[in-house]
$ cat structure-v2.txt   # compact mmCIF, C-alpha atoms
# COMPACT_ATOMS: atom_id res chain seq x y z
CA MET A 248 -18.60 22.25 15.50
CA PHE A 249 -15.79 24.77 15.54
CA VAL A 250 -17.43 26.87 18.26
CA LYS A 251 -18.27 23.75 20.27
CA ASP A 252 -14.66 22.54 20.21
CA LEU A 253 -13.37 25.91 21.29
CA ARG A 254 -15.91 26.07 24.11
CA VAL A 255 -15.05 22.58 25.38
CA GLU A 256 -11.39 23.40 25.22
CA TRP A 257 -11.92 26.68 27.03
CA ARG A 258 -13.69 24.84 29.85
CA ASN A 259 -11.04 22.22 30.55
CA ARG A 260 -7.95 23.55 28.69
CA GLU A 261 -6.54 20.04 28.71
CA THR A 262 -5.37 19.50 25.15
CA LEU A 263 -4.02 22.98 24.68
CA ALA A 264 -2.04 22.85 27.91
CA LEU A 265 -0.62 19.48 26.92
CA MET A 266 0.36 20.74 23.48
CA CYS A 267 2.02 23.89 24.81
CA VAL A 268 3.96 22.12 27.53
CA PHE A 269 5.13 19.45 25.12
CA GLY A 270 6.14 22.09 22.57
CA LEU A 271 8.17 23.94 25.16
CA LEU A 272 9.85 20.73 26.28
CA VAL A 273 11.00 19.99 22.75
CA VAL A 274 12.48 23.49 22.40
CA PHE A 275 14.17 23.04 25.75
CA LEU A 276 15.63 19.65 24.84
CA PHE A 277 16.99 20.97 21.56
CA ASN A 278 19.01 23.65 23.33
CA PHE A 279 21.49 20.93 24.27
CA THR A 280 22.30 20.37 20.62
CA LEU A 281 22.15 23.91 19.29
CA GLU A 282 24.57 26.67 20.03
CA THR A 283 22.97 29.98 20.87
CA GLY A 284 24.33 32.39 18.34
CA ARG A 285 22.60 34.03 15.44
CA GLU A 286 24.43 32.08 12.74
CA GLU A 287 24.04 28.76 14.51
CA ALA A 288 20.39 29.42 15.30
CA LEU A 289 19.66 30.29 11.67
CA ARG A 290 21.00 26.95 10.57
CA GLY A 291 19.05 24.85 13.05
CA LEU A 292 16.03 26.89 14.01
CA PRO A 293 13.73 26.39 10.99
CA ALA A 294 14.07 22.62 11.20
CA LEU A 295 13.68 22.66 14.97
CA LEU A 296 10.50 24.71 14.79
CA TRP A 297 8.88 22.55 12.14
CA VAL A 298 9.74 19.29 13.82
CA ASP A 299 8.34 20.73 17.03
CA PHE A 300 5.14 21.83 15.27
CA ALA A 301 4.84 18.36 13.79
CA PHE A 302 5.09 16.64 17.19
CA VAL A 303 2.73 19.07 18.86
CA GLY A 304 0.24 18.67 16.03
CA ILE A 305 0.21 14.87 16.45
CA LEU A 306 -0.75 15.28 20.11
CA GLY A 307 -3.58 17.62 19.20
CA PHE A 308 -5.00 15.45 16.41
CA ASN A 309 -4.96 12.38 18.64
CA ARG A 310 -6.96 14.15 21.32
CA SER A 311 -9.27 15.77 18.82
CA PHE A 312 -11.08 12.57 17.86
CA ALA A 313 -10.40 10.51 20.97
CA ALA A 314 -12.59 13.00 22.84
CA GLU A 315 -15.43 12.46 20.38
CA ARG A 316 -15.12 8.68 20.63
CA GLU A 317 -15.33 8.49 24.39
CA ASN A 318 -19.02 9.25 24.74
CA ALA A 319 -20.09 8.17 21.28
CA CYS A 320 -20.41 11.85 20.38
CA LEU A 321 -19.32 11.09 16.85
CA GLU A 322 -22.45 9.02 16.21
CA GLY A 323 -24.55 11.94 17.43
CA LEU A 324 -22.73 14.31 15.11
CA MET A 325 -23.24 12.00 12.16
CA LEU A 326 -26.97 11.90 12.80
CA ALA A 327 -27.09 15.66 12.58
CA PRO A 328 -28.31 16.82 9.16
CA VAL A 329 -24.99 18.35 8.16
CA ASP A 330 -22.65 17.57 5.35
CA PRO A 331 -19.72 15.50 6.67
CA GLY A 332 -17.44 17.85 4.78
CA LEU A 333 -18.58 20.66 7.05
CA LEU A 334 -17.82 18.56 10.12
CA TYR A 335 -14.36 18.15 8.68
CA LEU A 336 -13.92 21.89 8.17
CA GLY A 337 -15.10 22.56 11.73
CA LYS A 338 -12.68 20.05 13.19
CA MET A 339 -9.93 21.37 11.00
CA LEU A 340 -10.49 24.95 12.12
CA SER A 341 -10.44 24.04 15.80
CA ASN A 342 -7.27 21.98 15.32
CA LEU A 343 -5.79 24.91 13.43
CA VAL A 344 -6.53 27.30 16.29
CA PHE A 345 -5.06 24.95 18.90
CA LEU A 346 -1.93 24.25 16.92
CA GLY A 347 -1.63 27.96 16.08
CA VAL A 348 -1.75 28.97 19.75
CA ALA A 349 0.78 26.29 20.69
CA GLU A 350 3.05 27.39 17.84
CA GLY A 351 2.85 30.99 19.02
CA ILE A 352 4.06 29.98 22.46
CA VAL A 353 6.80 27.76 21.03
CA VAL A 354 8.05 30.56 18.77
CA PHE A 355 8.02 33.00 21.67
CA ALA A 356 9.99 30.60 23.84
CA ALA A 357 12.45 29.81 21.06
CA SER A 358 13.05 33.49 20.43
CA LEU A 359 13.67 34.06 24.14
CA TRP A 360 15.84 31.02 24.82
CA TYR A 361 17.90 31.18 21.64
CA ASN A 362 18.24 34.98 21.74
CA PHE A 363 16.80 35.17 18.29
CA SER A 364 14.55 37.94 17.09
CA PHE A 365 11.80 37.01 14.66
CA LEU A 366 10.69 40.63 14.33
CA PRO A 367 12.62 41.68 11.19
CA ALA A 368 10.92 39.02 9.08
CA PHE A 369 7.88 38.52 11.22
CA ARG A 370 5.28 39.15 8.56
CA SER A 371 6.64 36.63 6.05
CA PHE A 372 7.44 34.17 8.82
CA PHE A 373 3.86 34.40 10.06
CA TRP A 374 2.37 33.66 6.65
CA ILE A 375 4.72 30.78 5.97
CA ALA A 376 3.93 29.24 9.35
CA PHE A 377 0.25 29.77 8.66
CA LEU A 378 0.34 28.07 5.24
CA GLY A 379 2.40 25.16 6.52
CA THR A 380 0.15 24.69 9.52
CA VAL A 381 -2.98 24.70 7.36
CA GLY A 382 -1.56 21.89 5.21
CA TYR A 383 -0.40 19.90 8.21
CA VAL A 384 -3.76 20.25 9.95
CA ALA A 385 -5.70 19.45 6.75
CA VAL A 386 -3.99 16.06 6.60
CA GLY A 387 -3.83 15.51 10.36
CA THR A 388 -7.54 15.98 10.92
CA VAL A 389 -8.43 13.18 8.51
CA PHE A 390 -5.71 10.86 9.76
CA GLY A 391 -6.65 11.64 13.36
CA ALA A 392 -10.18 10.49 12.57
CA ILE A 393 -8.85 7.34 10.86
CA ALA A 394 -6.40 6.51 13.62
CA ALA A 395 -9.13 6.93 16.24
CA ASN A 396 -10.68 3.76 14.79
CA THR A 397 -7.63 1.63 15.29
CA ARG A 398 -6.52 -0.37 18.29
CA MET A 399 -3.31 1.57 18.80
CA ARG A 400 -4.34 5.05 17.81
CA GLU A 401 -1.52 6.95 19.51
CA VAL A 402 1.03 4.90 17.61
CA MET A 403 -0.87 4.73 14.35
CA LEU A 404 -1.25 8.46 13.77
CA PRO A 405 2.46 9.37 13.37
CA VAL A 406 2.97 6.39 11.05
CA LEU A 407 0.25 7.77 8.78
CA GLN A 408 0.95 11.44 9.26
CA PHE A 409 4.70 11.85 8.92
CA PRO A 410 5.24 10.36 5.44
CA VAL A 411 2.34 12.34 4.04
CA ALA A 412 3.50 15.54 5.75
CA VAL A 413 6.96 15.40 4.15
CA PRO A 414 6.15 18.06 1.50
CA VAL A 415 4.84 20.43 4.21
CA LEU A 416 7.97 19.98 6.27
CA ILE A 417 10.29 20.48 3.28
CA GLY A 418 8.38 23.53 2.09
CA GLY A 419 8.02 24.96 5.59
CA ILE A 420 11.64 24.51 6.56
CA GLU A 421 13.01 25.92 3.31
CA ALA A 422 10.69 28.93 3.27
CA THR A 423 11.22 29.69 6.96
CA GLY A 424 14.97 29.47 6.56
CA GLY A 425 14.83 31.81 3.57
CA ALA A 426 12.61 34.32 5.33
CA LEU A 427 14.60 34.38 8.56
CA ARG A 428 17.90 34.77 6.73
CA GLY A 429 16.36 37.72 4.90
CA ASP A 430 16.84 36.20 1.43
CA ALA A 431 15.02 37.66 -1.54
CA PRO A 432 11.47 36.25 -1.57
CA SER A 433 11.97 34.94 -5.10
CA SER A 434 14.62 32.49 -3.85
CA TYR A 435 12.13 30.58 -1.70
CA ALA A 436 8.96 31.31 -3.68
CA TRP A 437 8.91 27.67 -4.88
CA ALA A 438 8.53 26.48 -1.29
CA VAL A 439 5.64 28.87 -0.67
CA ARG A 440 3.97 27.77 -3.90
CA LEU A 441 4.41 24.16 -2.82
CA LEU A 442 2.71 24.89 0.52
CA VAL A 443 -0.21 26.67 -1.16
CA ALA A 444 -0.70 23.83 -3.67
CA PHE A 445 -0.51 21.23 -0.92
CA ASP A 446 -3.04 23.15 1.22
CA VAL A 447 -5.55 23.47 -1.60
CA ALA A 448 -5.16 19.87 -2.76
CA PHE A 449 -5.47 18.30 0.67
CA ILE A 450 -8.32 20.49 1.91
CA VAL A 451 -10.37 19.60 -1.17
CA LEU A 452 -9.40 15.92 -1.03
CA SER A 453 -10.13 15.63 2.69
CA TYR A 454 -13.41 17.48 2.34
CA LEU A 455 -14.49 14.89 -0.23
CA LEU A 456 -13.13 11.84 1.58
CA PHE A 457 -14.24 12.67 5.12
CA GLU A 458 -17.67 11.19 4.51
CA TYR A 459 -16.07 7.75 4.07
CA VAL A 460 -13.98 8.12 7.20
CA LEU A 461 -17.04 8.74 9.37
CA GLU A 462 -19.37 6.09 8.04
CA GLU A 463 -19.88 3.00 10.16
CA MET B 232 -8.76 -11.96 -18.92
CA PRO B 233 -7.78 -15.40 -20.20
CA LYS B 234 -7.37 -17.94 -17.39
CA LEU B 235 -3.79 -18.91 -16.88
CA SER B 236 -3.35 -21.73 -14.41
CA PRO B 237 -1.17 -20.79 -11.41
CA THR B 238 1.21 -23.66 -12.07
CA LEU B 239 1.75 -22.60 -15.65
CA HIS B 240 2.19 -19.01 -14.49
CA LEU B 241 4.82 -20.10 -11.98
CA ALA B 242 6.59 -22.13 -14.66
CA ILE B 243 6.68 -19.11 -16.99
CA CYS B 244 8.01 -16.97 -14.12
CA THR B 245 10.77 -19.43 -13.41
CA ALA B 246 11.83 -19.79 -17.03
CA TRP B 247 11.73 -16.03 -17.53
CA THR B 248 13.78 -15.39 -14.40
CA VAL B 249 16.41 -17.91 -15.47
CA ALA B 250 16.57 -16.22 -18.88
CA ALA B 251 16.89 -12.84 -17.17
CA LEU B 252 19.71 -14.11 -14.96
CA TYR B 253 21.49 -15.43 -18.03
CA MET B 254 21.10 -12.04 -19.71
CA ILE B 255 22.31 -10.17 -16.63
CA PHE B 256 25.38 -12.22 -15.93
CA LEU B 257 26.47 -13.61 -19.29
CA TYR B 258 24.91 -11.65 -22.12
CA ALA B 259 25.14 -8.02 -20.94
CA PRO B 260 28.62 -6.51 -21.28
CA THR B 261 30.54 -5.43 -18.20
CA GLU B 262 30.30 -1.72 -17.57
CA LEU B 263 33.61 0.10 -18.07
CA THR B 264 33.93 2.29 -15.01
CA MET B 265 31.73 0.54 -12.47
CA GLY B 266 32.60 -3.02 -13.32
CA GLU B 267 30.64 -6.09 -12.28
CA VAL B 268 28.66 -4.35 -9.57
CA GLN B 269 26.80 -2.45 -12.25
CA ARG B 270 24.85 -5.64 -13.01
CA ILE B 271 22.73 -5.04 -9.92
CA PHE B 272 21.29 -2.10 -11.86
CA TYR B 273 19.04 -4.44 -13.88
CA ILE B 274 17.40 -5.82 -10.77
CA HIS B 275 17.33 -2.45 -9.01
CA VAL B 276 15.63 -0.53 -11.80
CA SER B 277 13.19 -3.37 -12.60
CA THR B 278 12.02 -3.67 -9.01
CA ALA B 279 11.78 0.11 -8.69
CA ILE B 280 9.48 0.47 -11.69
CA THR B 281 7.41 -2.49 -10.50
CA ALA B 282 7.08 -1.01 -6.99
CA LEU B 283 5.90 2.26 -8.48
CA LEU B 284 3.36 0.42 -10.64
CA ALA B 285 2.19 -1.40 -7.50
CA TYR B 286 1.49 1.88 -5.74
CA ILE B 287 -0.36 3.24 -8.77
CA LEU B 288 -2.45 0.05 -8.65
CA VAL B 289 -3.18 0.63 -4.94
CA PHE B 290 -4.22 4.21 -5.71
CA LEU B 291 -6.51 3.30 -8.62
CA CYS B 292 -8.07 0.34 -6.79
CA SER B 293 -8.75 2.55 -3.77
CA ILE B 294 -10.65 5.01 -5.96
CA VAL B 295 -12.60 2.21 -7.65
CA PHE B 296 -13.42 0.69 -4.27
CA LEU B 297 -14.83 3.90 -2.77
CA TRP B 298 -16.76 4.53 -5.93
CA ARG B 299 -18.16 1.06 -6.68
CA ARG B 300 -17.76 -0.69 -3.34
CA SER B 301 -16.54 -3.84 -5.00
CA PRO B 302 -14.69 -6.14 -2.57
CA ALA B 303 -12.53 -7.32 -5.47
CA ALA B 304 -11.02 -3.84 -5.87
CA ASP B 305 -10.20 -3.74 -2.18
CA GLU B 306 -8.59 -7.17 -2.25
CA LEU B 307 -6.53 -6.17 -5.26
CA ALA B 308 -5.39 -2.96 -3.52
CA HIS B 309 -4.39 -4.84 -0.39
CA ALA B 310 -2.52 -7.50 -2.36
CA ALA B 311 -0.76 -4.88 -4.49
CA ALA B 312 0.33 -3.02 -1.36
CA GLU B 313 1.78 -6.17 0.19
CA VAL B 314 3.66 -7.28 -2.90
CA GLY B 315 4.64 -3.69 -3.70
CA PHE B 316 6.14 -3.35 -0.24
CA VAL B 317 8.37 -6.36 -0.90
CA PHE B 318 9.52 -4.92 -4.23
CA CYS B 319 10.12 -1.51 -2.70
CA SER B 320 12.22 -3.13 0.03
CA CYS B 321 14.26 -4.83 -2.72
CA VAL B 322 14.92 -1.43 -4.25
CA LEU B 323 16.12 -0.06 -0.93
CA VAL B 324 18.41 -3.04 -0.41
CA THR B 325 19.93 -3.26 -3.89
CA GLY B 326 20.40 0.53 -4.13
CA PRO B 327 22.85 0.91 -1.23
CA LEU B 328 24.75 -2.23 -2.31
CA TRP B 329 25.47 -0.54 -5.61
CA ALA B 330 25.98 2.91 -4.12
CA LYS B 331 28.58 1.76 -1.61
CA SER B 332 30.95 0.64 -4.32
CA VAL B 333 30.19 3.35 -6.88
CA TRP B 334 29.53 6.47 -4.79
CA GLY B 335 31.48 5.24 -1.80
CA ILE B 336 28.54 5.76 0.55
CA TRP B 337 25.56 3.61 1.43
CA TRP B 338 22.98 6.33 1.41
CA THR B 339 22.48 9.97 0.52
CA TRP B 340 19.35 12.11 0.76
CA ASP B 341 19.19 12.60 -2.96
CA ALA B 342 15.91 13.19 -4.81
CA ARG B 343 15.28 9.67 -6.00
CA LEU B 344 16.42 7.98 -2.84
CA THR B 345 14.22 10.19 -0.70
CA SER B 346 11.14 9.72 -2.85
CA THR B 347 11.63 5.93 -2.89
CA PHE B 348 11.99 5.99 0.86
CA VAL B 349 8.76 7.97 1.23
CA LEU B 350 7.03 5.46 -1.07
CA TRP B 351 8.24 2.69 1.22
CA LEU B 352 6.86 4.54 4.26
CA LEU B 353 3.53 4.96 2.48
CA PHE B 354 3.36 1.20 1.90
CA ILE B 355 4.13 0.63 5.59
CA ALA B 356 1.48 3.12 6.71
CA TYR B 357 -1.12 1.48 4.47
CA LEU B 358 -0.33 -2.06 5.64
CA MET B 359 -0.05 -1.14 9.32
CA LEU B 360 -3.39 0.60 9.22
CA ARG B 361 -4.98 -2.51 7.78
CA SER B 362 -3.50 -4.75 10.42
CA TYR B 363 -4.62 -2.52 13.28
CA LEU B 364 -8.25 -2.38 12.23
CA LEU B 365 -10.41 -5.20 13.52
CA ASP B 366 -13.49 -4.81 11.36
CA PRO B 367 -12.62 -5.78 7.76
CA ALA B 368 -15.33 -3.57 6.25
CA ARG B 369 -14.03 -0.50 8.11
CA ALA B 370 -10.47 -1.46 7.27
CA ALA B 371 -11.28 -1.52 3.57
CA VAL B 372 -12.84 1.96 3.57
CA LEU B 373 -10.22 3.63 5.75
CA ALA B 374 -7.34 1.99 3.91
CA ALA B 375 -8.80 3.24 0.62
CA VAL B 376 -8.84 6.78 2.00
CA VAL B 377 -5.21 6.44 3.04
CA GLY B 378 -4.33 4.88 -0.32
CA ILE B 379 -5.78 7.86 -2.18
CA ALA B 380 -4.22 10.45 0.14
CA GLY B 381 -0.88 8.68 -0.20
CA GLY B 382 -1.13 8.67 -3.99
CA VAL B 383 -1.79 12.42 -4.14
CA ASP B 384 0.96 12.94 -1.63
CA ALA B 385 3.45 10.96 -3.69
CA LEU B 386 3.04 13.54 -6.46
CA PHE B 387 3.78 16.37 -4.05
CA ASP B 388 6.75 14.55 -2.63
CA TYR B 389 8.12 14.08 -6.07
CA MET B 390 7.80 17.79 -6.90
CA ALA B 391 8.97 18.96 -3.49
CA ILE B 392 12.09 16.85 -3.48
CA ARG B 393 12.90 17.74 -7.06
CA TRP B 394 12.71 21.50 -6.41
CA PHE B 395 14.38 21.12 -3.08
CA ARG B 396 17.40 19.40 -4.57
CA THR B 397 17.69 21.54 -7.64
CA GLN B 398 18.06 24.43 -5.24
CA HIS B 399 20.95 22.66 -3.57
CA PRO B 400 22.66 20.42 -6.12
CA GLN B 401 24.28 17.36 -4.59
CA PRO B 402 27.64 16.07 -5.77
CA VAL B 403 26.31 12.68 -6.83
CA ILE B 404 26.00 11.07 -10.20
CA LEU B 405 22.59 9.74 -11.04
CA GLY B 406 23.01 6.38 -12.73
CA GLY B 407 20.18 6.17 -15.21
CA PRO B 408 19.56 4.65 -18.61
CA ASN B 409 20.62 7.77 -20.50
CA ALA B 410 21.77 7.97 -24.09
CA GLY B 411 24.75 5.74 -24.71
CA LEU B 412 23.37 2.62 -23.05
CA ASP B 413 24.62 -0.42 -24.89
CA PRO B 414 21.67 -2.02 -26.74
CA ARG B 415 22.50 -5.35 -25.11
CA MET B 416 22.16 -3.65 -21.74
CA GLY B 417 18.83 -2.17 -22.84
CA TRP B 418 17.49 -5.60 -23.82
CA THR B 419 18.70 -7.12 -20.57
CA LEU B 420 16.93 -4.44 -18.58
CA LEU B 421 13.72 -4.88 -20.53
CA LEU B 422 13.77 -8.65 -20.12
CA THR B 423 14.58 -8.47 -16.41
CA TRP B 424 11.78 -6.02 -15.89
CA GLY B 425 9.42 -8.39 -17.69
CA ALA B 426 10.49 -11.21 -15.37
CA PHE B 427 9.79 -9.06 -12.34
CA VAL B 428 6.39 -7.99 -13.62
CA CYS B 429 5.59 -11.66 -14.23
CA LEU B 430 6.63 -12.48 -10.67
CA PHE B 431 4.66 -9.52 -9.35
CA LEU B 432 1.51 -10.69 -11.11
CA TYR B 433 2.03 -14.22 -9.82
CA LEU B 434 2.37 -13.11 -6.19
CA LEU B 435 -0.52 -10.70 -6.68
CA ARG B 436 -2.88 -13.41 -7.90
CA LEU B 437 -1.91 -15.69 -5.02
CA ARG B 438 -2.71 -12.95 -2.51
CA VAL B 439 -5.97 -12.07 -4.24
CA ALA B 440 -7.02 -15.73 -4.37
CA LEU B 441 -6.24 -16.08 -0.67
CA ALA B 442 -8.26 -12.99 0.20
CA ARG B 443 -11.17 -14.21 -1.91
CA SER B 444 -11.28 -17.65 -0.33
CA ARG B 445 -11.05 -16.02 3.10
CA ARG B 446 -14.03 -13.83 2.26
CA GLU B 447 -15.98 -16.84 0.97
CA ALA B 448 -15.11 -18.85 4.08
CA VAL B 449 -16.41 -16.05 6.30
CA ALA B 450 -19.61 -15.90 4.26
CA VAL B 451 -20.12 -19.68 4.50
CA ARG B 452 -19.57 -19.68 8.24
CA ARG B 453 -22.01 -16.82 8.65
CA GLU B 454 -24.62 -18.78 6.72
CA GLU B 455 -24.08 -21.81 8.92
CA LEU B 456 -24.43 -19.75 12.07
CA THR B 457 -27.66 -18.03 11.05
CA PRO B 458 -30.47 -20.56 11.33
$ encode --input "structure-v2.txt" --output "structure tokens"
Amino acid sequence: MFVKDLRVEWRNRETLALMCVFGLLVVFLFNFTLETGREEALRGLPALLWVDFAFVGILGFNRSFAAERENACLEGLMLAPVDPGLLYLGKMLSNLVFLGVAEGIVVFAASLWYNFSFLPAFRSFFWIAFLGTVGYVAVGTVFGAIAANTRMREVMLPVLQFPVAVPVLIGGIEATGGALRGDAPSSYAWAVRLLVAFDVAFIVLSYLLFEYVLEE
Amino acid sequence: MPKLSPTLHLAICTAWTVAALYMIFLYAPTELTMGEVQRIFYIHVSTAITALLAYILVFLCSIVFLWRRSPAADELAHAAAEVGFVFCSCVLVTGPLWAKSVWGIWWTWDARLTSTFVLWLLFIAYLMLRSYLLDPARAAVLAAVVGIAGGVDALFDYMAIRWFRTQHPQPVILGGPNAGLDPRMGWTLLLTWGAFVCLFLYLLRLRVALARSRREAVAVRREELTP
């Protein structure tokens, strides 16, 4: 499943291109509200990045299952003798890779356009972004599959996703802010713990519930 | 469960509400610093606890539905979400009315306000999902998944917001029934809450009865159509 998604994406590069362009546009639009100076950037950047990741993720999750719906591929997948939980993990991994690539480009652009270097805290920033993205994708993959069933899927997904993603955004923004400011890790450890707990809880929950989402 | 006729239930609700209003406005003493506006507290807190109970009901019914596949559990979850949404909206309306005169602002992103707001959004997400799904059987299953995910999420929200705000204390006073509440105030709160629970159960049973007769009507029509 994971390999298949990557291969399809490599062939047409549609979703990824859309996600990256949209991510860059959000960064670009925010430059009208943010001053470019280190202090200013520190205040606004963590929130900007996470809101951007959240928007970009929504685009990706919407496409992820819409593509399967179009040619009734989902029915084919369900006939395959695999545990639905594994289908979920495959979808989740491919969404994670797409969102990860898009985030990389967004971060690069933000660092360039806001004259802000992520390098001093890059290692902790990377892990925080990774943990937050895993949690966001864990929820988004299930909700993407649910929203694909509805009449207005593009509208439905954010309505489901954003309230549930609030802990990820709080944890992500707080931890990122702490890491980029160079605070002592113990001062934002609670946010990292929150992200880890959220990741574990929602991966397990989604793995168990995905079977119900797929059934017809 | 003993059968209580809807009319009798409504009568009890009405009497109880009148008693609660009497308690709120005539029996409970006026609060010293906040004055008359403090009386909204009885309604605010009662609806808040009831809304929270409604979401817990949605969460539990969703689990029971996925496990047992009983349509009754699904109908109860749907009804609880609808009525819970109304109660949660009441909380979000009465809160700012009180806050404006006591804190001087309508809204602040304090721990309790934020978590109530997220609860309200969860109710909206649940109800919107149901209204956008055409097939009722699919709607029941998918809504149950969302109900469970939302319930787990509510716990995380609660923790997240708590830690988040203890890191950055806000200069607001949390009005809560702490030590020092006048016993008359305590009784008023308890009685008002009882009235709201009674009303909640009344609305809930109406919604459930409606859903059940709708399901039966669909079944009857299906029988007529199949020769």
$ atom_distance --input "structure-v2.txt" --atom1 "atom CA of B:Cys321" --atom2 "atom CA of B:Leu358"
17.0 Å
$ closest_atom_pairs --input "structure-v2.txt" --of "chain A" --to "chain B" --cutoff "10 Å" --atoms "only C-alpha atoms" --output "CSV"
residue,atom,partner,partner_atom,distance
A:Val386,CA,B:Ala380,CA,8.6
A:Val389,CA,B:Val376,CA,9.1
A:Phe390,CA,B:Val377,CA,8.1
A:Ala392,CA,B:Leu373,CA,9.7
A:Ile393,CA,B:Leu373,CA,6.5
A:Ala394,CA,B:Leu360,CA,8.0
A:Asn396,CA,B:Leu364,CA,7.1
A:Thr397,CA,B:Leu364,CA,5.1
A:Arg398,CA,B:Tyr363,CA,5.8
A:Met399,CA,B:Tyr363,CA,7.0
A:Arg400,CA,B:Tyr363,CA,8.8
A:Met403,CA,B:Leu360,CA,7.1
A:Leu404,CA,B:Ala356,CA,9.3
A:Pro405,CA,B:Ala356,CA,9.2
A:Val406,CA,B:Ala356,CA,5.6
A:Leu407,CA,B:Ala356,CA,5.2
A:Gln408,CA,B:Ala356,CA,8.7
A:Phe409,CA,B:Leu352,CA,8.9
A:Pro410,CA,B:Val349,CA,6.0
A:Val411,CA,B:Asp384,CA,5.9
A:Ala412,CA,B:Asp384,CA,8.2
A:Val413,CA,B:Asp388,CA,6.8
A:Pro414,CA,B:Asp388,CA,5.5
A:Val415,CA,B:Ala391,CA,8.9
A:Leu416,CA,B:Ala391,CA,9.9
A:Ile417,CA,B:Ala391,CA,7.1
A:Gly418,CA,B:Ala391,CA,7.2
A:Glu421,CA,B:Phe395,CA,8.1
A:Ser434,CA,B:Gln398,CA,8.9
A:Tyr435,CA,B:Gln398,CA,9.2
A:Trp437,CA,B:Trp394,CA,7.4
A:Ala438,CA,B:Ala391,CA,7.8
A:Leu441,CA,B:Ala391,CA,6.9
A:Leu442,CA,B:Ala391,CA,9.5
A:Ala444,CA,B:Phe387,CA,8.7
A:Phe445,CA,B:Phe387,CA,7.2
A:Ala448,CA,B:Val383,CA,8.3
A:Phe449,CA,B:Ala380,CA,8.0
A:Leu452,CA,B:Ala380,CA,7.6
A:Ser453,CA,B:Ala380,CA,8.3
A:Leu456,CA,B:Val376,CA,6.6
A:Phe457,CA,B:Val376,CA,8.6
A:Tyr459,CA,B:Val372,CA,6.6
A:Val460,CA,B:Leu373,CA,6.0
A:Leu461,CA,B:Leu373,CA,9.3
A:Glu462,CA,B:Arg369,CA,8.5
A:Glu463,CA,B:Arg369,CA,7.1
$ closest_residue --input "structure-v2.txt" --among "B:Met265, B:Ser332, B:Pro367, B:His309" --to "B:Val449" --atoms "all atoms listed in the file"
B:Pro367
$ residues_around --input "structure-v2.txt" --residues "B:Ala303" --least-positions-apart "4" --cutoff "10 Å" --atoms "only C-alpha atoms" --output "PyMOL selection string"
chain B and resi 292+295-296+307-309+439+442-443
$ atom_distance --input "structure-v2.txt" --atom1 "atom CA of B:Ile294" --atom2 "atom CA of A:Val329"
24.1 Å
$ atom_distance --input "structure-v2.txt" --atom1 "atom CA of B:Leu252" --atom2 "atom CA of B:Thr278"
14.3 Å
$ residues_around --input "structure-v2.txt" --residues "A:Leu340" --least-positions-apart "4" --cutoff "9 Å" --atoms "all atoms listed in the file" --output "PyMOL selection string"
chain A and resi 249+335-336+344-345+381+384
$ residues_around --input "structure-v2.txt" --residues "B:Pro237" --least-positions-apart "5" --cutoff "9 Å" --atoms "all atoms listed in the file" --output "compact mmCIF listing (two decimals) with C-alpha atoms, in the frame of the given file"
# COMPACT_ATOMS: atom_id res chain seq x y z
CA ALA B 242 6.59 -22.13 -14.66
CA TYR B 433 2.03 -14.22 -9.82
CA ARG B 436 -2.88 -13.41 -7.90
CA LEU B 437 -1.91 -15.69 -5.02
$ residues_around --input "structure-v2.txt" --residues "stretch 279-286 of chain B" --least-positions-apart "6" --cutoff "8 Å" --atoms "all atoms listed in the file" --output "tab-separated table (two decimals) with C-alpha atoms, keeping the file's coordinate frame"
chain	number	residue	atom	x	y	z
B	311	ALA	CA	-0.76	-4.88	-4.49
B	312	ALA	CA	0.33	-3.02	-1.36
B	314	VAL	CA	3.66	-7.28	-2.90
B	315	GLY	CA	4.64	-3.69	-3.70
B	316	PHE	CA	6.14	-3.35	-0.24
B	318	PHE	CA	9.52	-4.92	-4.23
B	319	CYS	CA	10.12	-1.51	-2.70
B	322	VAL	CA	14.92	-1.43	-4.25
B	354	PHE	CA	3.36	1.20	1.90
B	382	GLY	CA	-1.13	8.67	-3.99
B	424	TRP	CA	11.78	-6.02	-15.89
B	427	PHE	CA	9.79	-9.06	-12.34
B	428	VAL	CA	6.39	-7.99	-13.62
B	431	PHE	CA	4.66	-9.52	-9.35
$ closest_residue --input "structure-v2.txt" --among "A:Cys267, A:Val354, A:Val273, A:Ile305" --to "A:Leu366" --atoms "all atoms listed in the file"
A:Val354
$ residues_around --input "structure-v2.txt" --residues "B:Arg270" --least-positions-apart "4" --cutoff "8 Å" --atoms "only C-alpha atoms" --output "ChimeraX atom specification"
/B:255-256,261,274
$ write_last_selection --input "structure-v2.txt" --atoms "C-alpha atoms" --output "PDB file, in the frame of the given file"
ATOM      1  CA  ILE B 255      22.310 -10.170 -16.630  1.00  0.00           C
ATOM      2  CA  PHE B 256      25.380 -12.220 -15.930  1.00  0.00           C
ATOM      3  CA  THR B 261      30.540  -5.430 -18.200  1.00  0.00           C
ATOM      4  CA  ILE B 274      17.400  -5.820 -10.770  1.00  0.00           C
TER       5      ILE B 274
END
$ closest_residue --input "structure-v2.txt" --among "A:Ser364, A:Val443, A:Leu378, A:Val451" --to "A:Leu289" --atoms "only C-alpha atoms"
A:Ser364
